[in-house]
Structures are given as structure tokens and as C-alpha cells.
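What follows is the content of structure.pdb, which has PDB, C-alpha atoms, pLDDT in the B column:
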ATOM      1  CA  MET F   1      21.766  67.103 -18.123  1.00 51.00           C
ATOM      2  CA  THR F   2      25.093  68.431 -19.176  1.00 54.00           C
ATOM      3  CA  ASP F   3      25.755  69.065 -22.794  1.00 54.00           C
ATOM      4  CA  SER F   4      28.933  67.990 -24.559  1.00 55.00           C
ATOM      5  CA  LYS F   5      30.434  71.523 -24.582  1.00 56.00           C
ATOM      6  CA  ASN F   6      30.619  71.711 -20.786  1.00 55.00           C
ATOM      7  CA  ALA F   7      32.039  68.204 -20.407  1.00 54.00           C
ATOM      8  CA  ASN F   8      35.516  69.277 -21.594  1.00 57.00           C
ATOM      9  CA  VAL F   9      35.752  72.402 -19.457  1.00 54.00           C
ATOM     10  CA  ASP F  10      38.636  72.375 -17.002  1.00 55.00           C
ATOM     11  CA  MET F  11      37.210  72.879 -13.520  1.00 58.00           C
ATOM     12  CA  ARG F  12      40.596  74.042 -12.236  1.00 57.00           C
ATOM     13  CA  SER F  13      40.871  77.364 -13.994  1.00 62.00           C
ATOM     14  CA  ARG F  14      43.920  78.367 -11.964  1.00 62.00           C
ATOM     15  CA  PRO F  15      46.256  76.565  -9.567  1.00 61.00           C
ATOM     16  CA  ASP F  16      45.015  76.275  -6.025  1.00 70.00           C
ATOM     17  CA  PHE F  17      47.044  76.596  -2.835  1.00 74.00           C
ATOM     18  CA  ILE F  18      48.140  72.951  -2.807  1.00 71.00           C
ATOM     19  CA  ALA F  19      49.364  73.051  -6.390  1.00 71.00           C
ATOM     20  CA  LYS F  20      51.296  76.262  -5.711  1.00 76.00           C
ATOM     21  CA  SER F  21      52.806  74.873  -2.528  1.00 81.00           C
ATOM     22  CA  ILE F  22      54.600  72.122  -4.458  1.00 81.00           C
ATOM     23  CA  LYS F  23      56.806  74.782  -6.061  1.00 83.00           C
ATOM     24  CA  TYR F  24      57.706  76.100  -2.611  1.00 86.00           C
ATOM     25  CA  TYR F  25      58.545  72.577  -1.413  1.00 86.00           C
ATOM     26  CA  VAL F  26      60.950  72.242  -4.350  1.00 87.00           C
ATOM     27  CA  ILE F  27      62.596  75.620  -3.670  1.00 89.00           C
ATOM     28  CA  THR F  28      62.914  74.944   0.070  1.00 90.00           C
ATOM     29  CA  ALA F  29      64.356  71.469  -0.492  1.00 89.00           C
ATOM     30  CA  TRP F  30      66.963  72.744  -2.959  1.00 89.00           C
ATOM     31  CA  ILE F  31      68.014  75.626  -0.687  1.00 92.00           C
ATOM     32  CA  LEU F  32      68.431  73.254   2.253  1.00 90.00           C
ATOM     33  CA  GLY F  33      70.215  70.668   0.103  1.00 88.00           C
ATOM     34  CA  LEU F  34      72.662  73.168  -1.369  1.00 90.00           C
ATOM     35  CA  SER F  35      73.414  74.624   2.048  1.00 90.00           C
ATOM     36  CA  ALA F  36      74.127  71.102   3.327  1.00 87.00           C
ATOM     37  CA  LEU F  37      76.416  70.528   0.349  1.00 85.00           C
ATOM     38  CA  VAL F  38      78.339  73.743   1.033  1.00 85.00           C
ATOM     39  CA  LEU F  39      78.660  72.776   4.694  1.00 83.00           C
ATOM     40  CA  THR F  40      79.942  69.359   3.597  1.00 79.00           C
ATOM     41  CA  LEU F  41      82.680  71.045   1.564  1.00 77.00           C
ATOM     42  CA  PHE F  42      83.841  72.963   4.626  1.00 73.00           C
ATOM     43  CA  THR F  43      84.030  69.808   6.745  1.00 73.00           C
ATOM     44  CA  VAL F  44      86.137  67.805   4.281  1.00 69.00           C
ATOM     45  CA  PRO F  45      89.837  68.046   5.240  1.00 66.00           C
ATOM     46  CA  SER F  46      91.099  68.107   1.636  1.00 67.00           C
ATOM     47  CA  PHE F  47      88.954  71.176   0.856  1.00 64.00           C
ATOM     48  CA  LYS F  48      90.234  72.840   4.023  1.00 65.00           C
ATOM     49  CA  ALA F  49      93.805  72.136   2.873  1.00 72.00           C
ATOM     50  CA  PHE F  50      92.948  73.726  -0.478  1.00 67.00           C
ATOM     51  CA  LEU F  51      91.630  76.849   1.271  1.00 67.00           C
ATOM     52  CA  ASN F  52      94.694  76.957   3.521  1.00 70.00           C
ATOM     53  CA  THR F  53      97.061  76.723   0.557  1.00 76.00           C
ATOM     54  CA  TYR F  54      95.473  79.076  -1.957  1.00 72.00           C
ATOM     55  CA  LEU F  55      93.626  81.578   0.221  1.00 75.00           C
ATOM     56  CA  HIS F  56      96.111  81.502   3.115  1.00 73.00           C
ATOM     57  CA  LEU F  57      93.476  80.713   5.703  1.00 72.00           C
ATOM     58  CA  ARG F  58      94.296  78.906   8.930  1.00 73.00           C
ATOM     59  CA  LEU F  59      91.583  76.254   9.163  1.00 64.00           C
ATOM     60  CA  PRO F  60      92.080  73.117  11.275  1.00 65.00           C
ATOM     61  CA  LEU F  61      92.452  70.020   9.101  1.00 60.00           C
ATOM     62  CA  LYS F  62      90.588  67.567  11.313  1.00 66.00           C
ATOM     63  CA  VAL F  63      86.894  66.767  10.869  1.00 62.00           C
ATOM     64  CA  ASP F  64      84.654  68.812  13.136  1.00 66.00           C
ATOM     65  CA  LEU F  65      81.904  66.646  14.655  1.00 70.00           C
ATOM     66  CA  ALA F  66      79.657  69.629  15.415  1.00 76.00           C
ATOM     67  CA  PHE F  67      79.578  70.537  11.712  1.00 78.00           C
ATOM     68  CA  ASN F  68      78.829  66.919  10.852  1.00 78.00           C
ATOM     69  CA  GLN F  69      75.871  66.895  13.235  1.00 83.00           C
ATOM     70  CA  ILE F  70      74.522  70.155  11.799  1.00 86.00           C
ATOM     71  CA  ASN F  71      75.068  68.779   8.302  1.00 86.00           C
ATOM     72  CA  PHE F  72      73.252  65.557   9.200  1.00 88.00           C
ATOM     73  CA  GLY F  73      70.337  67.629  10.483  1.00 89.00           C
ATOM     74  CA  LEU F  74      70.224  69.673   7.276  1.00 91.00           C
ATOM     75  CA  PHE F  75      70.209  66.543   5.129  1.00 90.00           C
ATOM     76  CA  ALA F  76      67.487  64.970   7.290  1.00 92.00           C
ATOM     77  CA  VAL F  77      65.285  68.086   7.127  1.00 93.00           C
ATOM     78  CA  THR F  78      65.836  68.273   3.361  1.00 92.00           C
ATOM     79  CA  PHE F  79      64.799  64.637   3.060  1.00 93.00           C
ATOM     80  CA  LEU F  80      61.645  65.228   5.138  1.00 94.00           C
ATOM     81  CA  VAL F  81      60.692  68.356   3.154  1.00 92.00           C
ATOM     82  CA  SER F  82      61.164  66.534  -0.147  1.00 92.00           C
ATOM     83  CA  ILE F  83      59.175  63.494   1.046  1.00 93.00           C
ATOM     84  CA  THR F  84      56.375  65.830   2.138  1.00 91.00           C
ATOM     85  CA  GLY F  85      56.496  67.583  -1.238  1.00 88.00           C
ATOM     86  CA  ILE F  86      56.326  64.261  -3.084  1.00 87.00           C
ATOM     87  CA  TRP F  87      53.357  63.228  -0.933  1.00 89.00           C
ATOM     88  CA  VAL F  88      51.529  66.506  -1.682  1.00 85.00           C
ATOM     89  CA  ASN F  89      52.402  66.170  -5.359  1.00 82.00           C
ATOM     90  CA  SER F  90      51.108  62.600  -5.496  1.00 82.00           C
ATOM     91  CA  SER F  91      47.831  63.614  -3.859  1.00 79.00           C
ATOM     92  CA  ARG F  92      47.345  66.258  -6.570  1.00 73.00           C
ATOM     93  CA  ASN F  93      48.445  64.027  -9.457  1.00 69.00           C
ATOM     94  CA  ARG F  94      45.013  63.000 -10.686  1.00 67.00           C
ATOM     95  CA  ARG F  95      44.767  64.528 -14.137  1.00 65.00           C
ATOM     96  CA  ARG F  96      46.539  63.596 -17.302  1.00 63.00           C
ATOM     97  CA  THR F  97      48.295  66.983 -17.404  1.00 62.00           C
ATOM     98  CA  ASP F  98      49.621  66.742 -13.823  1.00 66.00           C
ATOM     99  CA  ARG F  99      53.256  65.696 -13.531  1.00 73.00           C
ATOM    100  CA  PHE F 100      55.663  64.736 -10.778  1.00 74.00           C
ATOM    101  CA  HIS F 101      58.467  67.214 -10.180  1.00 79.00           C
ATOM    102  CA  SER F 102      61.629  65.378 -11.178  1.00 85.00           C
ATOM    103  CA  SER F 103      63.816  67.814  -9.249  1.00 87.00           C
ATOM    104  CA  LEU F 104      61.882  67.009  -6.070  1.00 87.00           C
ATOM    105  CA  ILE F 105      62.519  63.308  -6.602  1.00 89.00           C
ATOM    106  CA  LEU F 106      66.199  64.001  -7.363  1.00 91.00           C
ATOM    107  CA  ILE F 107      66.751  66.062  -4.208  1.00 90.00           C
ATOM    108  CA  CYS F 108      64.933  63.390  -2.200  1.00 90.00           C
ATOM    109  CA  ILE F 109      67.312  60.708  -3.460  1.00 93.00           C
ATOM    110  CA  LEU F 110      70.402  62.886  -2.947  1.00 91.00           C
ATOM    111  CA  SER F 111      69.408  64.000   0.545  1.00 91.00           C
ATOM    112  CA  GLY F 112      68.511  60.430   1.504  1.00 92.00           C
ATOM    113  CA  LEU F 113      71.932  59.234   0.361  1.00 92.00           C
ATOM    114  CA  GLY F 114      73.610  62.121   2.170  1.00 88.00           C
ATOM    115  CA  THR F 115      71.708  61.335   5.363  1.00 89.00           C
ATOM    116  CA  LEU F 116      72.667  57.669   5.221  1.00 91.00           C
ATOM    117  CA  LEU F 117      76.294  58.465   4.398  1.00 85.00           C
ATOM    118  CA  LEU F 118      76.631  60.928   7.271  1.00 83.00           C
ATOM    119  CA  LEU F 119      74.881  58.504   9.618  1.00 85.00           C
ATOM    120  CA  VAL F 120      77.421  55.797   8.765  1.00 84.00           C
ATOM    121  CA  LEU F 121      80.408  58.166   8.917  1.00 77.00           C
ATOM    122  CA  ASN F 122      79.318  59.700  12.223  1.00 74.00           C
ATOM    123  CA  SER F 123      78.789  56.270  13.751  1.00 78.00           C
ATOM    124  CA  ILE F 124      82.236  55.141  12.549  1.00 75.00           C
ATOM    125  CA  ASN F 125      83.809  58.284  14.049  1.00 69.00           C
ATOM    126  CA  TYR F 126      81.880  57.800  17.276  1.00 68.00           C
ATOM    127  CA  PHE F 127      82.847  54.144  17.755  1.00 72.00           C
ATOM    128  CA  SER F 128      86.468  54.687  16.712  1.00 72.00           C
ATOM    129  CA  ARG F 129      86.997  56.792  19.862  1.00 69.00           C
ATOM    130  CA  PHE F 130      86.580  53.680  22.039  1.00 72.00           C
ATOM    131  CA  ARG F 131      89.441  51.701  20.488  1.00 66.00           C
TER     132      ARG F 131
END
Representation of the structure as C-alpha cells:
Amino acid sequence: MTDSKNANVDMRSRPDFIAKSIKYYVITAWILGLSALVLTLFTVPSFKAFLNTYLHLRLPLKVDLAFNQINFGLFAVTFLVSITGIWVNSSRNRRRTDRFHSSLILICILSGLGTLLLLVLNSINYFSRFR
């Protein structure tokens, strides 16, 4: 029989590999998401016009489809990494002290919206060539 002193002992004395990996999912998702955001800024024509005016760069002002495809891939990978991190976090969320990472949920929502937005914009650009 177990006595009452041992009933309240936390069996997880330190975080295991799965609990530590959630932090790395968050860091990876934010690095990918911020790099996709920076790439988005360089594909927007108004930001290119700003760089041309103030920094005297000679950037083309039209939207580059190759950058949009790379950007779409970055947003999609960010979304998949954040979904995987949420899944790992939900499998470990069994104790009262365990919490969901709100930043992981936030980057999942933002990367999902970015993926959908780029999917719609790329399809509009693709089909507008046939008019």
C-alpha cells in the first residue's frame, strides 16, 4: 500500500524529451514564420517602391511569382510545424499544471491565414494570365 506522503509526489521530476521538444517546435515555427513575413515584404510592390526611393535601390516593381511560391512553401511548412507542435503539446497536456503554448496557436493561425491568402493570390495571378 502507498501511504499518503507518496501520493502527492510528482513522478515527472524533470521535463522529458517530448516536453522539451515543444519549445523547439515553437522556436522553429516562429523562425519560419518571421522569415516568410520578411519575404512577403520584399514581394510587395509598395515596399519595393519604398526601398527604391529611400535607399536608391533598383528593384523591379512587379510581383515575382518565384518569391510567392517560396513564400507559400514557407507558410505551409510553418503551418505543418505548428500543427505538429500543437499535437505533441496536446498529447502531453494531461496534468493540471500543463498548459498549451499560446504562441504556438498564434503562429498556427497566422501561418494558416498566410497560406490561404497566398493560395488565393497565386491562383488569381495564375488564371489572370489566360484572359
For CA of Val77 (chain F) and CA of Ser21 (chain F), the interatomic separation in Å (one decimal):
17.2 Å
When the PyMOL selection byres ((chain F and resi 40) around 10) is applied to the structure above, which residues does it catch, written out as a PDB file with C-alpha atoms, in the frame of the given file?
ATOM      1  CA  LEU F  34      72.662  73.168  -1.369  1.00 90.00           C
ATOM      2  CA  SER F  35      73.414  74.624   2.048  1.00 90.00           C
ATOM      3  CA  ALA F  36      74.127  71.102   3.327  1.00 87.00           C
ATOM      4  CA  LEU F  37      76.416  70.528   0.349  1.00 85.00           C
ATOM      5  CA  VAL F  38      78.339  73.743   1.033  1.00 85.00           C
ATOM      6  CA  LEU F  39      78.660  72.776   4.694  1.00 83.00           C
ATOM      7  CA  LEU F  41      82.680  71.045   1.564  1.00 77.00           C
ATOM      8  CA  PHE F  42      83.841  72.963   4.626  1.00 73.00           C
ATOM      9  CA  THR F  43      84.030  69.808   6.745  1.00 73.00           C
ATOM     10  CA  VAL F  44      86.137  67.805   4.281  1.00 69.00           C
ATOM     11  CA  PHE F  47      88.954  71.176   0.856  1.00 64.00           C
ATOM     12  CA  PHE F  67      79.578  70.537  11.712  1.00 78.00           C
ATOM     13  CA  ASN F  68      78.829  66.919  10.852  1.00 78.00           C
ATOM     14  CA  ILE F  70      74.522  70.155  11.799  1.00 86.00           C
ATOM     15  CA  ASN F  71      75.068  68.779   8.302  1.00 86.00           C
ATOM     16  CA  PHE F  72      73.252  65.557   9.200  1.00 88.00           C
ATOM     17  CA  GLY F 114      73.610  62.121   2.170  1.00 88.00           C
ATOM     18  CA  LEU F 118      76.631  60.928   7.271  1.00 83.00           C
TER      19      LEU F 118
END
Separation of CA of Ile109 (chain F) and CA of Ser128 (chain F), in Å?
28.5 Å
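Selection by the PyMOL selection byres ((chain F and resi 101) around 12) on the present file picks out Ala19, Ile22, Lys23, Tyr24, Tyr25, Val26, Ile27, Ser82, Ile83, Gly85, Ile86, Trp87, Val88, Asn89, Ser90, Arg92, Asn93, Asp98, Arg99, Phe100, Ser102, Ser103, Leu104, Ile105, Leu106, Ile107 and Cys108 of chain F.
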Output as JSON the centre and edge lengths (Å, one decimal) of the box along x, y and z of the file that holds every listed atom of region 113-130 of chain F after adding 5 Å on each side.
{"center_x": 79.4, "center_y": 57.9, "center_z": 11.2, "size_x": 25.3, "size_y": 18.4, "size_z": 31.7}
Atom-to-atom span, CA of Phe17 (chain F) and CA of Leu32 (chain F), Å:
22.2 Å
Counting only C-alpha atoms, closest pick from F:Thr78, F:Leu57, F:Ala49, F:Leu65 relative to Thr28 (chain F) is F:Thr78
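Proximity to Gln69 (chain F) was assessed for F:Leu55, F:Ile18, F:Leu110, F:Leu119 counting only C-alpha atoms; the smallest distance is recorded for F:Leu119.
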Fix up region 27-43 of chain F with N, CA and C atoms, then write it as a short mmCIF file (atom, residue, chain, number, x, y, z; two decimals), keeping the file's coordinate frame.
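Output file selection_22.cif is given in full below:
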data_model
loop_
_atom_site.label_atom_id
_atom_site.label_comp_id
_atom_site.auth_asym_id
_atom_site.auth_seq_id
_atom_site.Cartn_x
_atom_site.Cartn_y
_atom_site.Cartn_z
N ILE F 27 61.63 74.55 -3.94
CA ILE F 27 62.60 75.62 -3.67
C ILE F 27 63.22 75.44 -2.30
N THR F 28 62.40 75.14 -1.29
CA THR F 28 62.91 74.94 0.07
C THR F 28 63.87 73.75 0.14
N ALA F 29 63.51 72.66 -0.51
CA ALA F 29 64.36 71.47 -0.49
C ALA F 29 65.70 71.74 -1.16
N TRP F 30 65.70 72.46 -2.28
CA TRP F 30 66.96 72.74 -2.96
C TRP F 30 67.83 73.72 -2.17
N ILE F 31 67.22 74.70 -1.51
CA ILE F 31 68.01 75.63 -0.69
C ILE F 31 68.66 74.88 0.48
N LEU F 32 67.88 74.03 1.14
CA LEU F 32 68.43 73.25 2.25
C LEU F 32 69.50 72.28 1.77
N GLY F 33 69.26 71.64 0.64
CA GLY F 33 70.22 70.67 0.10
C GLY F 33 71.52 71.32 -0.32
N LEU F 34 71.44 72.48 -0.96
CA LEU F 34 72.66 73.17 -1.37
C LEU F 34 73.43 73.72 -0.17
N SER F 35 72.71 74.16 0.85
CA SER F 35 73.41 74.62 2.05
C SER F 35 74.10 73.45 2.76
N ALA F 36 73.48 72.28 2.75
CA ALA F 36 74.13 71.10 3.33
C ALA F 36 75.34 70.70 2.51
N LEU F 37 75.27 70.85 1.20
CA LEU F 37 76.42 70.53 0.35
C LEU F 37 77.58 71.48 0.60
N VAL F 38 77.29 72.76 0.74
CA VAL F 38 78.34 73.74 1.03
C VAL F 38 78.97 73.45 2.39
N LEU F 39 78.14 73.11 3.38
CA LEU F 39 78.66 72.78 4.69
C LEU F 39 79.51 71.51 4.64
N THR F 40 79.15 70.57 3.78
CA THR F 40 79.94 69.36 3.60
C THR F 40 81.32 69.70 3.05
N LEU F 41 81.38 70.64 2.11
CA LEU F 41 82.68 71.04 1.56
C LEU F 41 83.59 71.63 2.64
N PHE F 42 83.01 72.36 3.58
CA PHE F 42 83.84 72.96 4.63
C PHE F 42 84.22 71.98 5.73
N THR F 43 83.63 70.80 5.75
CA THR F 43 84.03 69.81 6.74
C THR F 43 85.02 68.80 6.19
#
